[in-house]
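File shown: run.cif (mmCIF, C-alpha atoms).
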```
data_input
#
loop_
_atom_site.group_PDB
_atom_site.id
_atom_site.type_symbol
_atom_site.label_atom_id
_atom_site.label_comp_id
_atom_site.auth_asym_id
_atom_site.auth_seq_id
_atom_site.Cartn_x
_atom_site.Cartn_y
_atom_site.Cartn_z
ATOM 1 C CA MET V 76 -14.406 10.033 8.834
ATOM 2 C CA THR V 77 -12.998 9.774 12.355
ATOM 3 C CA GLU V 78 -9.534 10.732 13.568
ATOM 4 C CA HIS V 79 -7.431 8.466 15.779
ATOM 5 C CA GLN V 80 -4.027 8.294 17.463
ATOM 6 C CA ILE V 81 -2.099 5.049 17.042
ATOM 7 C CA PRO V 82 0.333 4.138 19.844
ATOM 8 C CA SER V 83 3.473 2.261 18.896
ATOM 9 C CA THR V 84 6.262 0.401 20.637
ATOM 10 C CA ILE V 85 8.231 0.279 17.375
ATOM 11 C CA LEU V 86 8.095 3.936 16.300
ATOM 12 C CA PRO V 87 9.329 6.789 18.520
ATOM 13 C CA ALA V 88 5.962 8.580 18.565
ATOM 14 C CA PRO V 89 2.252 7.852 17.998
ATOM 15 C CA ARG V 90 0.809 8.230 14.506
ATOM 16 C CA LYS V 91 -2.449 9.791 13.353
ATOM 17 C CA ALA V 92 -4.950 8.042 11.120
ATOM 18 C CA TRP V 93 -8.433 8.605 9.759
ATOM 19 C CA ILE V 94 -10.971 5.809 9.446
ATOM 20 C CA HIS V 95 -13.626 6.039 6.750
ATOM 21 C CA ARG V 96 -16.353 3.423 6.976
ATOM 22 C CA SER V 97 -18.705 2.473 4.172
ATOM 23 C CA THR V 98 -22.155 3.940 4.758
ATOM 24 C CA ASN V 99 -24.060 1.314 2.777
ATOM 25 C CA VAL V 100 -23.360 -2.210 4.013
ATOM 26 C CA GLU V 101 -20.797 -3.839 6.219
ATOM 27 C CA ALA V 102 -17.443 -4.019 4.431
ATOM 28 C CA LYS V 103 -15.486 -7.252 4.195
ATOM 29 C CA ASP V 104 -12.257 -5.613 3.038
ATOM 30 C CA CYS V 105 -10.087 -2.881 4.524
ATOM 31 C CA LEU V 106 -7.656 -0.644 2.633
ATOM 32 C CA LEU V 107 -4.719 0.788 4.567
ATOM 33 C CA PHE V 108 -3.476 3.889 2.738
ATOM 34 C CA LEU V 109 -0.042 5.353 3.334
ATOM 35 C CA ASP V 110 0.273 9.050 2.457
ATOM 36 C CA GLY V 111 -3.154 9.579 3.985
ATOM 37 C CA GLU V 112 -3.108 13.328 3.346
ATOM 38 C CA LEU V 113 -2.423 12.869 -0.369
ATOM 39 C CA TYR V 114 -5.107 10.240 -0.801
ATOM 40 C CA THR V 115 -7.777 12.237 1.015
ATOM 41 C CA GLU V 116 -6.942 15.779 -0.163
ATOM 42 C CA ARG V 117 -5.515 15.369 -3.675
ATOM 43 C CA VAL V 118 -6.719 11.991 -4.904
ATOM 44 C CA LYS V 119 -10.116 12.428 -3.202
ATOM 45 C CA ALA V 120 -10.164 8.704 -2.454
ATOM 46 C CA PRO V 121 -12.993 8.811 0.148
ATOM 47 C CA ALA V 122 -15.421 10.443 -2.302
ATOM 48 C CA ILE V 123 -14.382 8.139 -5.153
ATOM 49 C CA LEU V 124 -14.730 4.952 -3.120
ATOM 50 C CA GLU V 125 -18.058 6.018 -1.655
ATOM 51 C CA ALA V 126 -19.440 6.816 -5.105
ATOM 52 C CA LYS V 127 -18.245 3.494 -6.503
ATOM 53 C CA ALA V 128 -19.536 1.434 -3.580
ATOM 54 C CA THR V 129 -22.983 1.142 -5.141
ATOM 55 C CA GLY V 130 -21.586 -0.123 -8.440
ATOM 56 C CA ALA V 131 -18.855 -2.529 -9.459
ATOM 57 C CA LEU V 132 -16.671 -1.822 -6.442
ATOM 58 C CA LYS V 133 -17.586 -3.597 -3.225
ATOM 59 C CA PRO V 134 -17.890 -1.472 -0.069
ATOM 60 C CA VAL V 135 -14.606 -1.099 1.818
ATOM 61 C CA THR V 136 -13.425 0.451 5.051
ATOM 62 C CA CYS V 137 -10.413 2.712 4.596
ATOM 63 C CA VAL V 138 -7.690 3.675 7.041
ATOM 64 C CA TYR V 139 -5.627 6.695 5.986
ATOM 65 C CA LEU V 140 -2.294 6.850 7.799
ATOM 66 C CA THR V 141 -0.831 10.358 7.873
ATOM 67 C CA ASN V 142 2.784 11.481 7.759
ATOM 68 C CA ALA V 143 4.576 12.884 10.778
ATOM 69 C CA SER V 144 6.342 15.508 8.611
ATOM 70 C CA ALA V 145 7.887 15.980 5.186
ATOM 71 C CA ALA V 146 11.240 14.768 6.478
ATOM 72 C CA GLY V 147 9.529 11.935 8.284
ATOM 73 C CA ARG V 148 7.795 10.893 5.062
ATOM 74 C CA GLN V 149 11.152 10.576 3.332
ATOM 75 C CA ALA V 150 12.499 8.446 6.169
ATOM 76 C CA ASP V 151 9.426 6.247 6.629
ATOM 77 C CA TYR V 152 8.868 5.417 2.979
ATOM 78 C CA THR V 153 12.377 4.578 1.756
ATOM 79 C CA CYS V 154 12.406 0.854 2.502
ATOM 80 C CA ASN V 155 12.347 1.496 6.249
ATOM 81 C CA ALA V 156 12.451 -1.815 8.136
ATOM 82 C CA ALA V 157 11.096 -0.370 11.406
ATOM 83 C CA PHE V 158 8.173 1.288 9.645
ATOM 84 C CA ALA V 159 7.469 -1.944 7.769
ATOM 85 C CA ASP V 160 7.380 -3.767 11.105
ATOM 86 C CA PHE V 161 4.961 -1.168 12.458
ATOM 87 C CA LEU V 162 2.660 -1.613 9.454
ATOM 88 C CA ALA V 163 2.732 -5.399 9.588
ATOM 89 C CA ARG V 164 2.765 -6.044 13.329
ATOM 90 C CA GLU V 165 0.966 -3.137 14.994
ATOM 91 C CA MET V 166 -1.467 -1.819 12.389
ATOM 92 C CA PRO V 167 -3.511 -5.013 11.753
ATOM 93 C CA PRO V 168 -4.469 -5.553 15.425
ATOM 94 C CA TRP V 169 -5.103 -1.833 15.852
ATOM 95 C CA ILE V 170 -7.405 -1.826 12.818
ATOM 96 C CA GLU V 171 -9.266 -4.841 14.191
ATOM 97 C CA ARG V 172 -9.791 -3.079 17.538
ATOM 98 C CA GLU V 173 -10.795 0.305 16.133
ATOM 99 C CA ALA V 174 -12.465 -0.470 12.796
ATOM 100 C CA GLY V 175 -13.539 -4.092 13.042
ATOM 101 C CA ARG V 176 -12.489 -7.477 11.739
ATOM 102 C CA PHE V 177 -12.118 -7.893 7.991
ATOM 103 C CA GLU V 178 -11.630 -10.808 5.655
ATOM 104 C CA ARG V 179 -8.835 -9.051 3.796
ATOM 105 C CA LEU V 180 -6.452 -6.164 4.466
ATOM 106 C CA PHE V 181 -4.752 -4.372 1.565
ATOM 107 C CA LEU V 182 -1.809 -1.967 1.706
ATOM 108 C CA CYS V 183 -1.828 1.044 -0.643
ATOM 109 C CA GLY V 184 0.675 3.753 -1.510
ATOM 110 C CA LEU V 185 1.854 6.159 -4.204
ATOM 111 C CA SER V 186 5.336 7.223 -5.248
ATOM 112 C CA LEU V 187 7.600 6.832 -2.183
ATOM 113 C CA SER V 188 4.834 5.292 -0.080
ATOM 114 C CA ALA V 189 4.213 2.794 -2.896
ATOM 115 C CA LEU V 190 7.868 1.770 -2.647
ATOM 116 C CA GLN V 191 7.414 1.267 1.097
ATOM 117 C CA ALA V 192 4.201 -0.714 0.538
ATOM 118 C CA VAL V 193 5.965 -3.143 -1.798
ATOM 119 C CA PHE V 194 8.926 -3.424 0.580
ATOM 120 C CA THR V 195 6.631 -4.068 3.546
ATOM 121 C CA ALA V 196 4.726 -6.847 1.796
ATOM 122 C CA LEU V 197 7.956 -8.508 0.713
ATOM 123 C CA ARG V 198 9.417 -8.236 4.216
ATOM 124 C CA HIS V 199 6.208 -9.540 5.836
ATOM 125 C CA PRO V 200 4.602 -11.988 3.396
ATOM 126 C CA GLY V 201 1.126 -13.202 4.261
ATOM 127 C CA VAL V 202 0.101 -10.197 6.363
ATOM 128 C CA PHE V 203 -1.621 -8.288 3.561
ATOM 129 C CA ALA V 204 -3.982 -9.780 1.012
ATOM 130 C CA GLY V 205 -2.487 -7.527 -1.651
ATOM 131 C CA VAL V 206 -0.642 -4.307 -2.406
ATOM 132 C CA LEU V 207 -1.759 -1.357 -4.525
ATOM 133 C CA ALA V 208 1.406 0.517 -5.539
ATOM 134 C CA GLN V 209 0.868 3.570 -7.728
ATOM 135 C CA SER V 210 4.044 4.652 -9.522
ATOM 136 C CA PRO V 211 6.481 3.299 -6.909
ATOM 137 C CA SER V 212 9.798 5.167 -6.626
ATOM 138 C CA ALA V 213 11.856 2.301 -8.016
ATOM 139 C CA TRP V 214 14.807 4.645 -8.618
ATOM 140 C CA TRP V 215 15.530 5.051 -4.908
ATOM 141 C CA GLN V 216 19.134 4.230 -3.964
ATOM 142 C CA ASP V 217 19.966 3.013 -7.476
ATOM 143 C CA GLU V 218 17.054 0.567 -7.464
ATOM 144 C CA TRP V 219 18.002 -0.913 -4.106
ATOM 145 C CA LEU V 220 14.727 -2.798 -3.713
ATOM 146 C CA ALA V 221 15.080 -4.713 -6.976
ATOM 147 C CA GLU V 222 18.696 -5.528 -6.134
ATOM 148 C CA SER V 223 17.687 -6.756 -2.673
ATOM 149 C CA LEU V 224 15.021 -9.229 -3.816
ATOM 150 C CA PRO V 225 17.242 -12.332 -3.416
ATOM 151 C CA ALA V 226 17.363 -11.649 0.333
ATOM 152 C CA MET V 227 13.577 -11.402 0.644
ATOM 153 C CA PRO V 228 11.208 -14.255 1.579
ATOM 154 C CA THR V 229 9.704 -15.940 -1.468
ATOM 155 C CA THR V 230 6.208 -16.537 -0.082
ATOM 156 C CA PRO V 231 3.720 -15.521 -2.808
ATOM 157 C CA ASN V 232 2.302 -12.012 -2.644
ATOM 158 C CA ARG V 233 -0.274 -10.248 -4.800
ATOM 159 C CA PHE V 234 0.548 -6.852 -6.259
ATOM 160 C CA TRP V 235 -1.040 -4.208 -8.437
ATOM 161 C CA LEU V 236 1.774 -1.912 -9.584
ATOM 162 C CA SER V 237 0.913 1.004 -11.830
ATOM 163 C CA VAL V 238 4.133 2.074 -13.513
ATOM 164 C CA GLY V 239 3.145 4.090 -16.578
ATOM 165 C CA GLY V 240 5.638 3.943 -19.426
ATOM 166 C CA LEU V 241 8.963 4.272 -17.581
ATOM 167 C CA PRO V 242 11.087 1.206 -18.397
ATOM 168 C CA ARG V 243 12.990 0.984 -15.106
ATOM 169 C CA LYS V 244 9.762 0.885 -13.105
ATOM 170 C CA GLY V 245 8.580 -1.826 -15.448
ATOM 171 C CA LEU V 246 11.675 -3.860 -14.616
ATOM 172 C CA LEU V 247 10.952 -3.479 -10.900
ATOM 173 C CA LEU V 248 7.442 -4.749 -11.532
ATOM 174 C CA ARG V 249 8.754 -7.741 -13.446
ATOM 175 C CA ASP V 250 11.338 -8.548 -10.783
ATOM 176 C CA VAL V 251 8.858 -8.216 -7.907
ATOM 177 C CA ALA V 252 6.226 -10.245 -9.734
ATOM 178 C CA LEU V 253 8.616 -13.073 -10.517
ATOM 179 C CA TRP V 254 10.046 -13.085 -7.011
ATOM 180 C CA SER V 255 6.581 -13.180 -5.446
ATOM 181 C CA GLY V 256 5.750 -16.341 -7.370
ATOM 182 C CA ALA V 257 3.150 -14.919 -9.749
ATOM 183 C CA GLN V 258 2.184 -17.448 -12.407
ATOM 184 C CA GLU V 259 1.314 -14.641 -14.809
ATOM 185 C CA PRO V 260 4.022 -12.137 -13.809
ATOM 186 C CA VAL V 261 3.100 -9.153 -15.973
ATOM 187 C CA ARG V 262 -0.080 -8.087 -17.712
ATOM 188 C CA LYS V 263 -0.229 -4.854 -19.716
ATOM 189 C CA PHE V 264 -3.196 -2.665 -20.529
ATOM 190 C CA VAL V 265 -3.649 0.821 -21.924
ATOM 191 C CA TRP V 266 -5.746 3.429 -20.125
ATOM 192 C CA ARG V 267 -6.108 6.933 -21.531
ATOM 193 C CA GLY V 268 -3.016 6.518 -23.637
ATOM 194 C CA LYS V 269 -0.793 5.219 -20.813
ATOM 195 C CA THR V 270 0.526 1.704 -20.564
ATOM 196 C CA GLU V 271 0.234 0.084 -17.158
ATOM 197 C CA ASP V 272 1.430 -3.247 -15.847
ATOM 198 C CA ARG V 273 0.246 -5.507 -13.104
ATOM 199 C CA ASN V 274 0.704 -8.980 -11.713
ATOM 200 C CA ARG V 275 -2.371 -10.900 -10.690
#
```
Full structure transcribed into structure tokens:
Amino acid sequence: MTEHQIPSTILPAPRKAWIHRSTNVEAKDCLLFLDGELYTERVKAPAILEAKATGALKPVTCVYLTNASAAGRQADYTCNAAFADFLAREMPPWIEREAGRFERLFLCGLSLSALQAVFTALRHPGVFAGVLAQSPSAWWQDEWLAESLPAMPTTPNRFWLSVGGLPRKGLLLRDVALWSGAQEPVRKFVWRGKTEDRNR
């Protein structure tokens, strides 16, 4: 895994990221993870993805974007328009320069960063091939994101939203799925006793 500094004309300061390339074959997909520290240190995503690359999961290149600070995390990941613009406008060309060209780019986040990932994809439809949002913080600002959907572009997006059993998060999933034009808005499955939802 290699460490990089990402310059920005949108954000006030550069950002740090780690790039983890598949060691087996050339990857066709790239995953851009927000909350890079959490995904690498707590979730152990690099080890999991590397172990799965020889099985059902295709090899991927991963970019882990770190947080400037705890306070900065709160600001960046609460439906921040400037940070969404940075992710959609500056990160894709930077990834192409530093990590290579990929067929598909996915945006991933958990909790607050999952909220920002969903917001970014809705604000910039067509930039990301899909969004992985693990337990997005739908409660933020009295469910501001769900209430703001009518003002968002309606170009179809593809989401995987893991919401567990909390009903309000399930409503956000339903609203986002319907607004993004999903033909099968919500599909439920049970994993280790927890109900999860997704749209295709």
Handout entry: Chain and number of each residue from the PyMOL selection byres ((chain V and resi 83) around 12), as an NGL selection string
Key = :V and (80-82 or 84-91 or 157-158 or 160-162 or 164-166 or 168-169)
Handout entry: Given only C-alpha atoms as the counted atoms, nearest of V:Trp219, V:Trp93, V:Trp214, V:Tyr139 to Phe108 in chain V
Key = V:Tyr139
Exercise for the section: Kindly resolve the PyMOL selection byres ((chain V and resi 194) around 9) on the present coordinates and return the residues as a ChimeraX atom specification. Expected result: /V:153-156,159,189-193,195-199,220
Exercise for the section: Report the distance between CA of Ala146 in chain V and CA of Glu173 in chain V in Å, rounded to one decimal place. Expected result: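 These two atoms are separated by 28.1 Å.
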Practice task
Give as an NGL selection string the residues that the PyMOL selection byres ((chain V and resi 95) around 12) matches when applied to the coordinates above.
Solution key: :V and (76-79 or 92-94 or 96-98 or 102 or 105-108 or 111 or 115 or 120-122 or 124-125 or 134-140 or 170 or 173-175)
Exercise for the section: Would you work out the distance separating CA of Leu180 in chain V from CA of Met227 in chain V, expressed in Å to one decimal? Expected result: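 Between CA of Leu180 in chain V and CA of Met227 in chain V the gap is 21.1 Å.
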Practice task
Please check which residues have atoms at most 9 Å from (-1.7, 4.3, -8.6) in the file's coordinates, counting all atoms listed in the file, and write them as a PyMOL selection string.
Solution key: chain V and resi 183-186+189+207-211+235-238
Problem - Between CA of Arg233 in chain V and CA of Ala204 in chain V, distance in Å (one decimal) - result: 6.9 Å
